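Structure file my_file_0.cif (mmCIF, C-alpha atoms, pLDDT in the B column; chains and numbers go by the auth columns) follows.
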data_upload
#
loop_
_atom_site.group_PDB
_atom_site.id
_atom_site.type_symbol
_atom_site.label_atom_id
_atom_site.label_comp_id
_atom_site.label_asym_id
_atom_site.label_seq_id
_atom_site.Cartn_x
_atom_site.Cartn_y
_atom_site.Cartn_z
_atom_site.B_iso_or_equiv
_atom_site.auth_seq_id
_atom_site.auth_asym_id
ATOM 1 C CA ARG A 1 17.385 -1.383 10.082 71.00 1 A
ATOM 2 C CA LYS A 2 14.008 -1.051 8.375 79.00 2 A
ATOM 3 C CA GLU A 3 13.933 -1.625 4.620 89.00 3 A
ATOM 4 C CA VAL A 4 12.208 1.705 4.037 94.00 4 A
ATOM 5 C CA GLU A 5 12.346 4.527 6.581 95.00 5 A
ATOM 6 C CA GLN A 6 10.384 7.726 6.735 96.00 6 A
ATOM 7 C CA ASP A 7 10.009 10.506 9.272 94.00 7 A
ATOM 8 C CA PRO A 8 6.429 10.014 10.534 93.00 8 A
ATOM 9 C CA GLY A 9 5.902 13.757 11.080 93.00 9 A
ATOM 10 C CA PRO A 10 3.464 15.389 11.311 95.00 10 A
ATOM 11 C CA PHE A 11 4.727 18.211 9.175 96.00 11 A
ATOM 12 C CA ASN A 12 2.498 21.199 9.893 97.00 12 A
ATOM 13 C CA VAL A 13 2.884 23.854 7.202 97.00 13 A
ATOM 14 C CA PRO A 14 0.940 26.955 6.189 98.00 14 A
ATOM 15 C CA GLU A 15 -0.907 27.067 2.912 98.00 15 A
ATOM 16 C CA GLY A 16 1.417 28.131 0.125 98.00 16 A
ATOM 17 C CA ALA A 17 4.550 26.747 1.751 98.00 17 A
ATOM 18 C CA THR A 18 7.044 24.413 0.148 98.00 18 A
ATOM 19 C CA VAL A 19 7.634 21.160 1.992 97.00 19 A
ATOM 20 C CA ALA A 20 9.951 18.241 1.334 97.00 20 A
ATOM 21 C CA PHE A 21 10.003 14.667 2.607 93.00 21 A
ATOM 22 C CA ASN A 22 12.819 12.186 2.398 95.00 22 A
ATOM 23 C CA CYS A 23 12.748 8.434 2.519 96.00 23 A
ATOM 24 C CA THR A 24 15.731 6.089 2.829 96.00 24 A
ATOM 25 C CA TYR A 25 15.896 2.501 1.657 95.00 25 A
ATOM 26 C CA SER A 26 18.327 -0.215 2.686 93.00 26 A
ATOM 27 C CA ASN A 27 18.486 -2.481 -0.370 89.00 27 A
ATOM 28 C CA SER A 28 20.910 -0.932 -2.837 87.00 28 A
ATOM 29 C CA ALA A 29 19.631 -3.261 -5.579 86.00 29 A
ATOM 30 C CA SER A 30 16.093 -1.852 -5.426 87.00 30 A
ATOM 31 C CA GLN A 31 14.926 -1.055 -8.892 83.00 31 A
ATOM 32 C CA SER A 32 11.867 1.151 -8.787 89.00 32 A
ATOM 33 C CA PHE A 33 10.378 3.688 -6.450 93.00 33 A
ATOM 34 C CA PHE A 34 7.037 5.369 -5.872 95.00 34 A
ATOM 35 C CA TRP A 35 5.173 7.824 -3.742 97.00 35 A
ATOM 36 C CA TYR A 36 1.637 6.899 -2.695 97.00 36 A
ATOM 37 C CA ARG A 37 -0.800 9.213 -0.974 98.00 37 A
ATOM 38 C CA GLN A 38 -3.234 8.040 1.707 98.00 38 A
ATOM 39 C CA ASP A 39 -5.990 10.303 2.951 97.00 39 A
ATOM 40 C CA CYS A 40 -7.363 9.778 6.436 94.00 40 A
ATOM 41 C CA ARG A 41 -9.389 6.543 6.609 92.00 41 A
ATOM 42 C CA LYS A 42 -8.985 5.985 2.876 95.00 42 A
ATOM 43 C CA GLU A 43 -6.967 3.609 0.736 96.00 43 A
ATOM 44 C CA PRO A 44 -3.502 4.439 -0.642 97.00 44 A
ATOM 45 C CA LYS A 45 -3.335 5.761 -4.194 96.00 45 A
ATOM 46 C CA LEU A 46 -0.339 6.174 -6.457 95.00 46 A
ATOM 47 C CA LEU A 47 0.860 9.783 -6.485 96.00 47 A
ATOM 48 C CA MET A 48 3.857 9.387 -8.762 95.00 48 A
ATOM 49 C CA SER A 49 6.665 7.100 -9.789 92.00 49 A
ATOM 50 C CA VAL A 50 10.231 8.230 -9.129 93.00 50 A
ATOM 51 C CA TYR A 51 12.625 8.122 -12.052 86.00 51 A
ATOM 52 C CA SER A 52 16.416 8.239 -11.918 87.00 52 A
ATOM 53 C CA SER A 53 16.482 11.599 -13.663 88.00 53 A
ATOM 54 C CA GLY A 54 13.880 13.071 -11.343 89.00 54 A
ATOM 55 C CA ASN A 55 10.370 13.923 -12.415 93.00 55 A
ATOM 56 C CA GLU A 56 7.792 16.599 -11.916 95.00 56 A
ATOM 57 C CA ASP A 57 4.010 16.557 -11.955 95.00 57 A
ATOM 58 C CA GLY A 58 2.565 19.997 -11.431 97.00 58 A
ATOM 59 C CA ARG A 59 3.467 21.129 -7.911 98.00 59 A
ATOM 60 C CA PHE A 60 5.074 17.789 -7.055 98.00 60 A
ATOM 61 C CA THR A 61 8.686 16.856 -7.741 97.00 61 A
ATOM 62 C CA ALA A 62 10.214 13.478 -6.981 97.00 62 A
ATOM 63 C CA GLN A 63 13.927 12.716 -6.966 96.00 63 A
ATOM 64 C CA LEU A 64 16.067 9.636 -6.518 95.00 64 A
ATOM 65 C CA ASN A 65 19.586 9.567 -5.114 94.00 65 A
ATOM 66 C CA ARG A 66 20.932 6.049 -5.640 93.00 66 A
ATOM 67 C CA ALA A 67 24.347 6.806 -4.152 93.00 67 A
ATOM 68 C CA SER A 68 22.831 7.820 -0.827 94.00 68 A
ATOM 69 C CA GLN A 69 19.834 5.496 -1.170 94.00 69 A
ATOM 70 C CA TYR A 70 17.069 7.984 -0.648 94.00 70 A
ATOM 71 C CA ILE A 71 14.128 9.394 -2.534 96.00 71 A
ATOM 72 C CA SER A 72 12.465 12.718 -1.933 97.00 72 A
ATOM 73 C CA LEU A 73 9.145 14.390 -2.575 98.00 73 A
ATOM 74 C CA LEU A 74 8.862 18.159 -2.855 98.00 74 A
ATOM 75 C CA ILE A 75 5.485 19.869 -2.754 98.00 75 A
ATOM 76 C CA ARG A 76 5.357 23.508 -3.801 98.00 76 A
ATOM 77 C CA ASP A 77 2.559 25.972 -3.026 98.00 77 A
ATOM 78 C CA SER A 78 0.895 23.582 -0.554 98.00 78 A
ATOM 79 C CA LYS A 79 -2.898 23.382 -0.584 98.00 79 A
ATOM 80 C CA LEU A 80 -5.224 22.364 2.225 98.00 80 A
ATOM 81 C CA SER A 81 -6.146 19.379 0.065 97.00 81 A
ATOM 82 C CA ASP A 82 -2.543 18.140 0.175 98.00 82 A
ATOM 83 C CA SER A 83 -3.079 17.142 3.814 98.00 83 A
ATOM 84 C CA ALA A 84 -2.546 13.388 3.839 98.00 84 A
ATOM 85 C CA THR A 85 -0.018 10.702 4.661 98.00 85 A
ATOM 86 C CA TYR A 86 2.638 10.155 1.988 98.00 86 A
ATOM 87 C CA LEU A 87 3.955 6.626 1.666 97.00 87 A
ATOM 88 C CA CYS A 88 7.359 5.872 0.211 96.00 88 A
ATOM 89 C CA VAL A 89 7.287 2.585 -1.724 95.00 89 A
ATOM 90 C CA VAL A 90 10.196 0.532 -3.038 93.00 90 A
ATOM 91 C CA ASN A 91 10.215 -2.389 -5.457 89.00 91 A
ATOM 92 C CA PRO A 92 13.133 -4.645 -4.501 80.00 92 A
ATOM 93 C CA ILE A 93 14.891 -6.406 -7.339 67.00 93 A
ATOM 94 C CA THR A 94 13.606 -9.789 -6.196 63.00 94 A
ATOM 95 C CA GLY A 95 10.003 -8.655 -5.965 58.00 95 A
ATOM 96 C CA GLY A 96 9.040 -8.944 -9.602 68.00 96 A
ATOM 97 C CA GLY A 97 6.707 -6.055 -8.986 74.00 97 A
ATOM 98 C CA ASN A 98 4.561 -8.034 -6.580 82.00 98 A
ATOM 99 C CA LYS A 99 6.454 -7.515 -3.354 86.00 99 A
ATOM 100 C CA LEU A 100 6.492 -3.785 -2.874 90.00 100 A
ATOM 101 C CA THR A 101 7.881 -2.534 0.425 92.00 101 A
ATOM 102 C CA PHE A 102 5.887 0.311 1.959 94.00 102 A
ATOM 103 C CA GLY A 103 7.239 2.875 4.376 95.00 103 A
ATOM 104 C CA THR A 104 5.114 3.775 7.369 95.00 104 A
ATOM 105 C CA GLY A 105 4.339 7.173 5.904 96.00 105 A
ATOM 106 C CA THR A 106 4.914 10.860 6.584 97.00 106 A
ATOM 107 C CA GLN A 107 1.909 12.856 7.711 97.00 107 A
ATOM 108 C CA LEU A 108 1.416 16.302 6.211 98.00 108 A
ATOM 109 C CA LYS A 109 -1.017 18.862 7.628 98.00 109 A
ATOM 110 C CA VAL A 110 -1.502 22.034 5.629 98.00 110 A
ATOM 111 C CA GLU A 111 -3.070 24.826 7.657 97.00 111 A
ATOM 112 C CA LEU A 112 -4.670 28.185 6.866 93.00 112 A
ATOM 113 C CA ASP B 1 -11.694 3.514 -13.855 70.00 1 V
ATOM 114 C CA VAL B 2 -10.313 0.636 -11.824 69.00 2 V
ATOM 115 C CA LYS B 3 -12.518 -0.504 -9.053 91.00 3 V
ATOM 116 C CA VAL B 4 -11.536 -2.771 -6.187 97.00 4 V
ATOM 117 C CA THR B 5 -14.292 -3.566 -3.743 97.00 5 V
ATOM 118 C CA GLN B 6 -14.204 -5.319 -0.399 97.00 6 V
ATOM 119 C CA SER B 7 -17.144 -7.104 1.129 92.00 7 V
ATOM 120 C CA SER B 8 -17.282 -5.181 4.413 93.00 8 V
ATOM 121 C CA ARG B 9 -15.990 -1.858 5.722 95.00 9 V
ATOM 122 C CA TYR B 10 -16.265 -2.930 9.359 97.00 10 V
ATOM 123 C CA LEU B 11 -16.343 -6.400 10.876 97.00 11 V
ATOM 124 C CA VAL B 12 -16.411 -7.574 14.485 98.00 12 V
ATOM 125 C CA LYS B 13 -15.651 -11.221 15.222 98.00 13 V
ATOM 126 C CA ARG B 14 -14.965 -13.311 18.279 98.00 14 V
ATOM 127 C CA THR B 15 -11.719 -15.126 19.040 98.00 15 V
ATOM 128 C CA GLY B 16 -11.671 -18.527 17.388 98.00 16 V
ATOM 129 C CA GLU B 17 -14.189 -17.692 14.664 97.00 17 V
ATOM 130 C CA LYS B 18 -13.442 -18.375 11.014 97.00 18 V
ATOM 131 C CA VAL B 19 -13.408 -15.117 9.076 98.00 19 V
ATOM 132 C CA PHE B 20 -13.718 -14.556 5.333 97.00 20 V
ATOM 133 C CA LEU B 21 -12.726 -11.278 3.714 98.00 21 V
ATOM 134 C CA GLU B 22 -13.705 -10.934 0.068 97.00 22 V
ATOM 135 C CA CYS B 23 -12.183 -8.735 -2.598 98.00 23 V
ATOM 136 C CA VAL B 24 -13.359 -8.193 -6.174 98.00 24 V
ATOM 137 C CA GLN B 25 -11.694 -6.204 -8.957 97.00 25 V
ATOM 138 C CA ASP B 26 -13.257 -5.275 -12.265 95.00 26 V
ATOM 139 C CA MET B 27 -10.179 -4.583 -14.420 92.00 27 V
ATOM 140 C CA ASP B 28 -9.195 -8.114 -15.380 93.00 28 V
ATOM 141 C CA HIS B 29 -5.946 -7.763 -13.404 93.00 29 V
ATOM 142 C CA GLU B 30 -3.706 -10.816 -13.093 93.00 30 V
ATOM 143 C CA ASN B 31 -2.267 -9.929 -9.708 94.00 31 V
ATOM 144 C CA MET B 32 -4.109 -9.480 -6.434 96.00 32 V
ATOM 145 C CA PHE B 33 -2.861 -8.785 -2.922 97.00 33 V
ATOM 146 C CA TRP B 34 -3.866 -8.800 0.707 98.00 34 V
ATOM 147 C CA TYR B 35 -2.187 -6.402 3.142 98.00 35 V
ATOM 148 C CA ARG B 36 -2.761 -5.440 6.726 98.00 36 V
ATOM 149 C CA GLN B 37 -2.041 -1.931 7.941 97.00 37 V
ATOM 150 C CA ASP B 38 -1.194 -1.171 11.552 96.00 38 V
ATOM 151 C CA PRO B 39 -0.034 2.089 13.149 92.00 39 V
ATOM 152 C CA GLY B 40 3.746 2.369 13.159 89.00 40 V
ATOM 153 C CA LEU B 41 4.136 -0.754 11.025 92.00 41 V
ATOM 154 C CA GLY B 42 2.744 0.422 7.705 90.00 42 V
ATOM 155 C CA LEU B 43 1.360 -1.913 5.088 95.00 43 V
ATOM 156 C CA ARG B 44 2.566 -5.480 5.323 96.00 44 V
ATOM 157 C CA LEU B 45 1.944 -8.058 2.616 96.00 45 V
ATOM 158 C CA ILE B 46 0.109 -11.181 3.761 97.00 46 V
ATOM 159 C CA TYR B 47 -0.376 -13.095 0.504 97.00 47 V
ATOM 160 C CA PHE B 48 -0.590 -12.377 -3.178 96.00 48 V
ATOM 161 C CA SER B 49 -1.842 -14.212 -6.236 96.00 49 V
ATOM 162 C CA TYR B 50 -0.518 -13.872 -9.772 93.00 50 V
ATOM 163 C CA ASP B 51 -3.114 -16.092 -11.450 93.00 51 V
ATOM 164 C CA VAL B 52 -6.219 -18.126 -10.736 95.00 52 V
ATOM 165 C CA LYS B 53 -5.485 -20.812 -8.128 95.00 53 V
ATOM 166 C CA MET B 54 -1.905 -19.493 -7.748 95.00 54 V
ATOM 167 C CA LYS B 55 -0.708 -17.875 -4.558 95.00 55 V
ATOM 168 C CA GLU B 56 2.487 -16.850 -2.840 95.00 56 V
ATOM 169 C CA LYS B 57 3.250 -15.992 0.746 96.00 57 V
ATOM 170 C CA GLY B 58 4.054 -12.450 1.591 94.00 58 V
ATOM 171 C CA ASP B 59 5.906 -11.219 4.648 93.00 59 V
ATOM 172 C CA ILE B 60 3.362 -12.228 7.315 96.00 60 V
ATOM 173 C CA PRO B 61 1.302 -15.237 6.133 97.00 61 V
ATOM 174 C CA GLU B 62 1.034 -16.981 9.507 97.00 62 V
ATOM 175 C CA GLY B 63 -2.548 -17.396 10.644 97.00 63 V
ATOM 176 C CA TYR B 64 -3.971 -16.612 7.200 98.00 64 V
ATOM 177 C CA SER B 65 -4.862 -18.471 4.032 98.00 65 V
ATOM 178 C CA VAL B 66 -6.184 -17.282 0.680 98.00 66 V
ATOM 179 C CA SER B 67 -8.295 -18.515 -2.188 98.00 67 V
ATOM 180 C CA ARG B 68 -8.479 -17.410 -5.800 98.00 68 V
ATOM 181 C CA GLU B 69 -10.973 -19.486 -7.746 97.00 69 V
ATOM 182 C CA LYS B 70 -11.869 -16.749 -10.234 97.00 70 V
ATOM 183 C CA LYS B 71 -9.669 -14.072 -11.732 96.00 71 V
ATOM 184 C CA GLU B 72 -11.669 -11.186 -10.314 97.00 72 V
ATOM 185 C CA ARG B 73 -12.010 -12.489 -6.763 98.00 73 V
ATOM 186 C CA PHE B 74 -9.421 -12.983 -4.020 98.00 74 V
ATOM 187 C CA SER B 75 -10.423 -14.114 -0.548 98.00 75 V
ATOM 188 C CA LEU B 76 -8.521 -13.876 2.711 98.00 76 V
ATOM 189 C CA ILE B 77 -9.357 -16.449 5.362 98.00 77 V
ATOM 190 C CA LEU B 78 -8.577 -16.323 9.045 98.00 78 V
ATOM 191 C CA GLU B 79 -9.021 -19.936 10.115 95.00 79 V
ATOM 192 C CA SER B 80 -9.259 -19.101 13.817 97.00 80 V
ATOM 193 C CA ALA B 81 -9.309 -15.392 14.490 98.00 81 V
ATOM 194 C CA SER B 82 -7.155 -14.037 17.293 98.00 82 V
ATOM 195 C CA THR B 83 -7.043 -10.618 18.935 98.00 83 V
ATOM 196 C CA ASN B 84 -3.655 -9.844 17.335 97.00 84 V
ATOM 197 C CA GLN B 85 -5.362 -10.033 13.950 98.00 85 V
ATOM 198 C CA THR B 86 -7.363 -6.916 14.758 98.00 86 V
ATOM 199 C CA SER B 87 -6.290 -4.591 11.973 98.00 87 V
ATOM 200 C CA MET B 88 -7.174 -2.758 8.776 97.00 88 V
ATOM 201 C CA TYR B 89 -7.098 -5.189 5.847 98.00 89 V
ATOM 202 C CA LEU B 90 -6.507 -3.809 2.381 98.00 90 V
ATOM 203 C CA CYS B 91 -6.914 -5.658 -0.885 98.00 91 V
ATOM 204 C CA ALA B 92 -5.140 -4.493 -4.037 97.00 92 V
ATOM 205 C CA SER B 93 -4.755 -5.506 -7.652 95.00 93 V
ATOM 206 C CA ARG B 94 -2.431 -4.717 -10.522 93.00 94 V
ATOM 207 C CA SER B 95 -2.156 -5.699 -14.151 88.00 95 V
ATOM 208 C CA GLY B 96 0.468 -8.097 -15.429 75.00 96 V
ATOM 209 C CA ASP B 97 2.302 -5.546 -17.507 73.00 97 V
ATOM 210 C CA ARG B 98 5.377 -3.589 -16.433 70.00 98 V
ATOM 211 C CA SER B 99 3.305 -1.058 -14.534 74.00 99 V
ATOM 212 C CA TYR B 100 3.781 -1.606 -10.830 83.00 100 V
ATOM 213 C CA GLU B 101 0.844 0.530 -9.780 89.00 101 V
ATOM 214 C CA GLN B 102 -1.389 -1.223 -7.312 93.00 102 V
ATOM 215 C CA TYR B 103 -5.045 -0.241 -6.967 95.00 103 V
ATOM 216 C CA PHE B 104 -6.428 -0.585 -3.490 97.00 104 V
ATOM 217 C CA GLY B 105 -9.865 -1.334 -2.152 97.00 105 V
ATOM 218 C CA PRO B 106 -11.382 0.809 0.628 97.00 106 V
ATOM 219 C CA GLY B 107 -10.272 -1.574 3.372 97.00 107 V
ATOM 220 C CA THR B 108 -11.979 -3.683 6.014 97.00 108 V
ATOM 221 C CA ARG B 109 -11.526 -2.728 9.645 97.00 109 V
ATOM 222 C CA LEU B 110 -11.587 -6.060 11.489 98.00 110 V
ATOM 223 C CA THR B 111 -11.921 -6.176 15.245 98.00 111 V
ATOM 224 C CA VAL B 112 -11.456 -9.516 17.015 98.00 112 V
ATOM 225 C CA THR B 113 -12.749 -9.561 20.581 97.00 113 V
#
What would you get if you wrote out this structure as structure tokens?
Amino acid sequence: RKEVEQDPGPFNVPEGATVAFNCTYSNSASQSFFWYRQDCRKEPKLLMSVYSSGNEDGRFTAQLNRASQYISLLIRDSKLSDSATYLCVVNPITGGGNKLTFGTGTQLKVEL
Amino acid sequence: DVKVTQSSRYLVKRTGEKVFLECVQDMDHENMFWYRQDPGLGLRLIYFSYDVKMKEKGDIPEGYSVSREKKERFSLILESASTNQTSMYLCASRSGDRSYEQYFGPGTRLTVT
């Protein structure tokens, strides 16, 4: 089983739609979680951290479910500019912050 | 604004050549990283460094070595390039505080023929 698993997509959605991605992780002792965004042929950039209580940043909401070992990302009112690959990232307890585990990413395509 | 730069965007080398990939960051970050990114496999950590002259193996260190002589610079070395090292190589850095955010360079697309 992979340490971090994501549906690769692509998710093709119309502009204005709401879309959600899930990501599962295998190490129950993992301590912190993130979503990174990677545009085509560009480097990954941090989108948001995921807190136990859930957190929101504008149109983006991230949630953590420790019991079921998954994190989610919800994007409301999708924009064309949201088209990208979204990487789920987990910091295992042994990593000390330097051994992040990256998922392979979920591709989102927002269309007119 | 954090800036991580890599010496080349595209590189073509022959099998058996020694290859140097350079990375420089301008934010005085303690930690630096080298990843490779391949379709279907995601980002995989090759090596990281938490201080000058200090290094630790990541998940796939075989066939690679690294050097960190100055805080701002982290080099990845392929002693004898092979075709299975054709990949996108990404350098990253992060500060030594509790923030886990990593800042990535633009990547080097290496092709070994």
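What the PyMOL selection byres ((chain V) within 9 of (chain A)) picks from this file is V:Asn31, V:Met32, V:Phe33, V:Pro39, V:Gly40, V:Leu41, V:Gly42, V:Leu43, V:Arg44, V:Leu45, V:Phe48, V:Ser49, V:Tyr50, V:Gly58, V:Asp59, V:Leu90, V:Arg94, V:Arg98, V:Ser99, V:Tyr100, V:Glu101, V:Gln102, V:Tyr103, V:Phe104, V:Gly105, V:Pro106, V:Gly107.
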inquiry  = Just want the 12 Å neighbourhood of Arg1 in chain A, counted on only C-alpha atoms, with same-chain residues fewer than 6 positions away dropped. Output as a count of residues only.
reply    = 4
key: Atom pair CA of Val24 in chain V / CA of Thr111 in chain V: separation (Å)   = 21.6 Å
query = Near Gln107 in chain A, within 7 Å and counting only C-alpha atoms, which residues show up once chain neighbours fewer than 4 positions away are dropped, as a ChimeraX atom specification?
reply = /A:8-11,84-86
Can I get the selection written as a compact mmCIF listing (two decimals), keeping the file's coordinate frame, with C-alpha atoms?
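Output saved as out.txt:
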# COMPACT_ATOMS: atom_id res chain seq x y z
CA PRO A 8 6.43 10.01 10.53
CA GLY A 9 5.90 13.76 11.08
CA PRO A 10 3.46 15.39 11.31
CA PHE A 11 4.73 18.21 9.18
CA ALA A 84 -2.55 13.39 3.84
CA THR A 85 -0.02 10.70 4.66
CA TYR A 86 2.64 10.15 1.99
message = As a check of understanding, name the residues that the PyMOL selection byres ((chain V and resi 20-23) around 6) selects in the supplied structure, as a VMD selection string.
response = chain V and resid 5 to 7 19 24 73 to 77
Report as an mmCIF file with C-alpha atoms, in the coordinates of the input the residues that result from applying the PyMOL selection byres ((chain A and resi 62-78) around 7) to the structure here.
data_model
loop_
_atom_site.group_PDB
_atom_site.id
_atom_site.type_symbol
_atom_site.label_atom_id
_atom_site.label_comp_id
_atom_site.auth_asym_id
_atom_site.auth_seq_id
_atom_site.Cartn_x
_atom_site.Cartn_y
_atom_site.Cartn_z
ATOM 1 C CA GLU A 15 -0.907 27.067 2.912
ATOM 2 C CA GLY A 16 1.417 28.131 0.125
ATOM 3 C CA ALA A 17 4.550 26.747 1.751
ATOM 4 C CA THR A 18 7.044 24.413 0.148
ATOM 5 C CA VAL A 19 7.634 21.160 1.992
ATOM 6 C CA ALA A 20 9.951 18.241 1.334
ATOM 7 C CA PHE A 21 10.003 14.667 2.607
ATOM 8 C CA ASN A 22 12.819 12.186 2.398
ATOM 9 C CA CYS A 23 12.748 8.434 2.519
ATOM 10 C CA THR A 24 15.731 6.089 2.829
ATOM 11 C CA TYR A 25 15.896 2.501 1.657
ATOM 12 C CA SER A 28 20.910 -0.932 -2.837
ATOM 13 C CA VAL A 50 10.231 8.230 -9.129
ATOM 14 C CA TYR A 51 12.625 8.122 -12.052
ATOM 15 C CA SER A 52 16.416 8.239 -11.918
ATOM 16 C CA GLY A 54 13.880 13.071 -11.343
ATOM 17 C CA ASN A 55 10.370 13.923 -12.415
ATOM 18 C CA GLU A 56 7.792 16.599 -11.916
ATOM 19 C CA ARG A 59 3.467 21.129 -7.911
ATOM 20 C CA PHE A 60 5.074 17.789 -7.055
ATOM 21 C CA THR A 61 8.686 16.856 -7.741
ATOM 22 C CA LYS A 79 -2.898 23.382 -0.584
ATOM 23 C CA LEU A 80 -5.224 22.364 2.225
ATOM 24 C CA ASP A 82 -2.543 18.140 0.175
ATOM 25 C CA VAL A 110 -1.502 22.034 5.629
#
key: Sel. within 9 Å of pt (-8.5, -15.9, -12.4), counting all atoms listed in the file, output as a ChimeraX atom specification   = /V:28-30,50-54,68-74
request  = Quick one: residues within 9 Å of (-13.9, -20.1, 14.8) (file frame), counting all atoms listed in the file, please, as a PyMOL selection string.
outcome  = chain V and resi 14-19+78-81
ask   = CA of Ser95 in chain V to CA of Tyr35 in chain V: how many Å, to one decimal?
value =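 Between these atoms lies a distance of 17.3 Å.
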ask   = Between CA of Glu3 in chain A and CA of Ser82 in chain V, what is the distance, to one decimal in Å?
value = 27.6 Å
Exercise: Ser87 in chain V partners within 9 Å, only C-alpha atoms, chain neighbours under 3 positions left out, as a compact mmCIF listing (two decimals) with C-alpha atoms, in the coordinates of the input:
# COMPACT_ATOMS: atom_id res chain seq x y z
CA ARG V 36 -2.76 -5.44 6.73
CA GLN V 37 -2.04 -1.93 7.94
CA ASP V 38 -1.19 -1.17 11.55
CA ASN V 84 -3.66 -9.84 17.34
CA THR V 108 -11.98 -3.68 6.01
CA ARG V 109 -11.53 -2.73 9.64
CA LEU V 110 -11.59 -6.06 11.49
CA THR V 111 -11.92 -6.18 15.24
CA VAL V 112 -11.46 -9.52 17.02
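Among the candidates V:Met88, V:Asp1, V:Tyr47, V:Asp26, the one nearest to Ser65 in chain V when counting only C-alpha atoms is V:Tyr47.
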